[in-house]
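Input: a single structure, listed below in structure tokens.
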Amino acid sequence: MASGIKTVPIPHRGVDYRGKVVLAPMVRSGELPSRLLALQYGADLVWGPETVDRAMIGTTRRFNEKTKTLEWFRMCSNNVKDPVDGKESIIYRLHPEKEAGKLIFQIGTSDPERAVQAARLVAADVSGIDVNAGCPKPFSTSGGMGAALLRTPDKLCAILEALVKEIVPEFEIGISVKIRILETAAETEVLVRKLCATGITGLTVHCRTTPMRPRERAIRGQLRMIADVCHEYGVACLMNGDVESKEQGLKLAEEFGADGAMIATAAEINPSCFRTAEEGGLLPWREVVEQYIKICMDTHNRFANTKYLLAQMVSGKEPVRKPLVSTKCYKDVCKLLGLDHLMDRAAQADIDSGTEQHLMNMAAKRKPQTDNSPQSKQNKKMKTTISEKAQQDTRPTSPMPEKAQQPCAQLAS
């Protein structure tokens, strides 16, 4: 890593990205339990998942006594006449004790005013605000956010300048940005210079272009140039893309002149990748999974999210992988994995996380509804009477007795 270079002042409550190997922002995979587990295994900092400004604006902050977490929530009133009867939706969660001085809030935005408005809601409880300018997925780019901001650098700079001006003095935390490389080194250099001039304290570069996918190898040819430009302005530079472990991240940062590294996919599969060789290195998946399940239960994590990440952590080659994706609650998972000592906690977690109630609601929807009202009973009686009469009308007529036919025969003669 570079040393003896210019550095911008780090705000009092902010953090310096230099010398750090951190957890990347990942939608679904970067929720609270994942971050706590990464910190437990040695991550220096953790990024929360991209949270869109519009989702945060209008939320209410509260402290959850049971989980000891801070929550920003709103009431979902879609198709509900009275919002009071709507369901509650938690937009963002953090652990104020375990994530203190370690958490960076990543915001998805395309508007300076909305970015500031959303950032104000959480700035007092995090150690930095990071702007997502690298996500290539449609849910982000379709709104002009994420990697779409790379095509509108003036807008991106305006967002960063607004956050630096409004958030830094009031909350004393730093502002950073995460980008991707552009098609040419010259284009990337122009962009990085503009971004570094906005007053940010850190810049993370994902060493892939916007069209590239994770299966394609990262391109590090522009990395040293990007790091050098950042250092001209005193901005810390983190590298991202195909970083497999903490030790590898530090070596790559040293090799390319960056200040640190960010791990994504490897941490999603096995967050013990943050352990150094001296600490024992990578742990077996079963040990990691058990720790993850414990944290999920303690924090009342939504089971659907828990199961999603478990599906990433358990290899498809493992016999339990296929039945794992069919589990419906924490009790199912613990039983499948042979974690009998956690069954009591799992039962309580299913109640606390709302999983048990959800399963009951689903079962009730599938069960045929029985209407026992007086009107329903009267309707059923009328249908039965009509049905019986119809059956009588359609019975075959018996031939008349021969004697009964004689008068007709006599008349005919």
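For the structure tokens, the naming scheme is as follows: chains receive sequential letters (A, B, ...) according to their order of presentation, residues are indexed from 1 within each chain, and ligands are indexed from 1 in presentation order.
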* Using DSSP on the backbone coordinates, identify the residues of region 245-340 of chain A assigned to strand (DSSP E); present them as a ChimeraX atom specification. => /A:260-263
* Identify, with DSSP run on backbone atoms, the residues in region 14-220 of chain A assigned to alpha helix (DSSP H), and express the list as a PyMOL selection string. => chain A and resi 32-40+53-56+112-122+138-141+153-166+168-171+185-196
* To do: Go ahead and compute the interatomic distance for CA of Ile219 (chain A) and CA of Cys207 (chain A), in Å to one decimal.
  =>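 CA of Cys207 (chain A) lies 5.2 Å from CA of Ile219 (chain A).
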Interface rows for region 64-159 of chain A against region 178-191 of chain A: nearest pair, Å to one decimal, 7 Å, only C-alpha atoms, as CSV:
residue,atom,partner,partner_atom,distance
A:Val131,CA,A:Lys178,CA,6.3
A:Asn132,CA,A:Lys178,CA,5.4
A:Ala133,CA,A:Ile179,CA,4.9
A:Gly134,CA,A:Ile179,CA,4.4
A:Pro153,CA,A:Leu191,CA,7.0
Which neighbours of region 62-73 of chain A fall inside 8 Å, counting only C-alpha atoms, when residues of the same chain fewer than 5 positions from it are skipped, and could you give them as a compact mmCIF listing (two decimals) with all heavy atoms, in the first residue's frame?
# COMPACT_ATOMS: atom_id res chain seq x y z
N MET A 56 -35.81 5.39 2.10
CA MET A 56 -35.46 5.88 3.43
C MET A 56 -36.30 7.09 3.84
O MET A 56 -36.71 7.22 5.00
CB MET A 56 -33.99 6.26 3.49
CG MET A 56 -33.05 5.09 3.70
SD MET A 56 -33.30 4.20 5.26
CE MET A 56 -32.80 5.44 6.45
N GLU A 88 -45.95 -3.59 8.59
CA GLU A 88 -44.75 -2.81 8.86
C GLU A 88 -43.61 -3.29 7.96
O GLU A 88 -43.43 -4.49 7.77
CB GLU A 88 -44.37 -3.00 10.33
CG GLU A 88 -43.36 -2.04 10.86
CD GLU A 88 -43.13 -2.26 12.34
OE1 GLU A 88 -43.88 -1.68 13.15
OE2 GLU A 88 -42.23 -3.04 12.69
N SER A 89 -42.84 -2.37 7.41
CA SER A 89 -41.71 -2.72 6.56
C SER A 89 -40.44 -2.08 7.11
O SER A 89 -40.37 -0.85 7.22
CB SER A 89 -41.96 -2.25 5.13
OG SER A 89 -40.83 -2.53 4.32
N ILE A 90 -39.47 -2.89 7.49
CA ILE A 90 -38.20 -2.37 7.99
C ILE A 90 -37.28 -2.14 6.79
O ILE A 90 -36.95 -3.07 6.06
CB ILE A 90 -37.56 -3.35 8.99
CG1 ILE A 90 -38.46 -3.50 10.22
CG2 ILE A 90 -36.17 -2.87 9.41
CD1 ILE A 90 -37.96 -4.50 11.24
N ILE A 91 -36.88 -0.90 6.61
CA ILE A 91 -36.05 -0.52 5.47
C ILE A 91 -34.57 -0.73 5.74
O ILE A 91 -33.81 -1.15 4.87
CB ILE A 91 -36.31 0.96 5.09
CG1 ILE A 91 -37.81 1.20 4.86
CG2 ILE A 91 -35.51 1.35 3.85
CD1 ILE A 91 -38.43 0.33 3.78
N TYR A 92 -34.15 -0.43 6.97
CA TYR A 92 -32.72 -0.55 7.30
C TYR A 92 -32.56 -0.88 8.77
O TYR A 92 -33.34 -0.40 9.61
CB TYR A 92 -32.00 0.77 6.98
CG TYR A 92 -30.49 0.65 6.89
CD1 TYR A 92 -29.90 0.12 5.75
CD2 TYR A 92 -29.66 1.06 7.93
CE1 TYR A 92 -28.52 0.01 5.65
CE2 TYR A 92 -28.28 0.95 7.84
CZ TYR A 92 -27.72 0.42 6.69
OH TYR A 92 -26.36 0.29 6.60
N ARG A 93 -31.54 -1.71 9.07
CA ARG A 93 -31.26 -2.07 10.46
C ARG A 93 -29.76 -2.02 10.71
O ARG A 93 -28.96 -2.31 9.82
CB ARG A 93 -31.75 -3.49 10.78
CG ARG A 93 -33.23 -3.68 10.75
CD ARG A 93 -33.62 -4.94 11.52
NE ARG A 93 -32.99 -6.14 11.00
CZ ARG A 93 -32.86 -7.28 11.69
NH1 ARG A 93 -33.29 -7.34 12.94
NH2 ARG A 93 -32.31 -8.34 11.14
N LEU A 94 -29.38 -1.70 11.92
CA LEU A 94 -27.97 -1.76 12.30
C LEU A 94 -27.87 -2.08 13.79
O LEU A 94 -28.83 -1.90 14.54
CB LEU A 94 -27.25 -0.45 11.97
CG LEU A 94 -27.71 0.85 12.64
CD1 LEU A 94 -27.05 1.03 14.01
CD2 LEU A 94 -27.35 2.05 11.76
N HIS A 95 -26.71 -2.53 14.19
CA HIS A 95 -26.46 -2.83 15.60
C HIS A 95 -25.53 -1.73 16.14
O HIS A 95 -24.34 -1.70 15.81
CB HIS A 95 -25.80 -4.20 15.77
CG HIS A 95 -25.92 -4.75 17.15
ND1 HIS A 95 -25.30 -4.15 18.24
CD2 HIS A 95 -26.58 -5.84 17.64
CE1 HIS A 95 -25.57 -4.84 19.32
NE2 HIS A 95 -26.36 -5.87 19.00
N PRO A 96 -26.05 -0.79 16.92
CA PRO A 96 -25.27 0.37 17.36
C PRO A 96 -24.04 0.02 18.18
O PRO A 96 -23.07 0.79 18.18
CB PRO A 96 -26.27 1.19 18.18
CG PRO A 96 -27.31 0.20 18.62
CD PRO A 96 -27.40 -0.79 17.52
N ASP A 298 -30.94 -14.46 16.60
CA ASP A 298 -30.82 -13.45 17.65
C ASP A 298 -31.31 -12.07 17.18
O ASP A 298 -31.79 -11.28 17.98
CB ASP A 298 -29.37 -13.33 18.13
CG ASP A 298 -28.93 -14.55 18.93
OD1 ASP A 298 -29.81 -15.32 19.36
OD2 ASP A 298 -27.71 -14.74 19.10
N THR A 299 -31.17 -11.80 15.89
CA THR A 299 -31.56 -10.50 15.35
C THR A 299 -32.94 -10.51 14.70
O THR A 299 -33.36 -9.53 14.09
CB THR A 299 -30.53 -10.00 14.32
OG1 THR A 299 -30.40 -10.98 13.27
CG2 THR A 299 -29.17 -9.77 14.96
N HIS A 300 -33.64 -11.65 14.80
CA HIS A 300 -34.99 -11.79 14.23
C HIS A 300 -34.97 -11.52 12.72
O HIS A 300 -35.87 -10.87 12.17
CB HIS A 300 -35.99 -10.85 14.91
CG HIS A 300 -36.11 -11.06 16.38
ND1 HIS A 300 -36.92 -10.27 17.18
CD2 HIS A 300 -35.53 -11.97 17.22
CE1 HIS A 300 -36.82 -10.67 18.44
NE2 HIS A 300 -35.98 -11.71 18.49
* Structure fact -> Counting only C-alpha atoms, the residue among A:Phe139, A:Tyr292, A:Trp285, A:Phe274 that lies closest to Leu23 (chain A) is A:Phe274
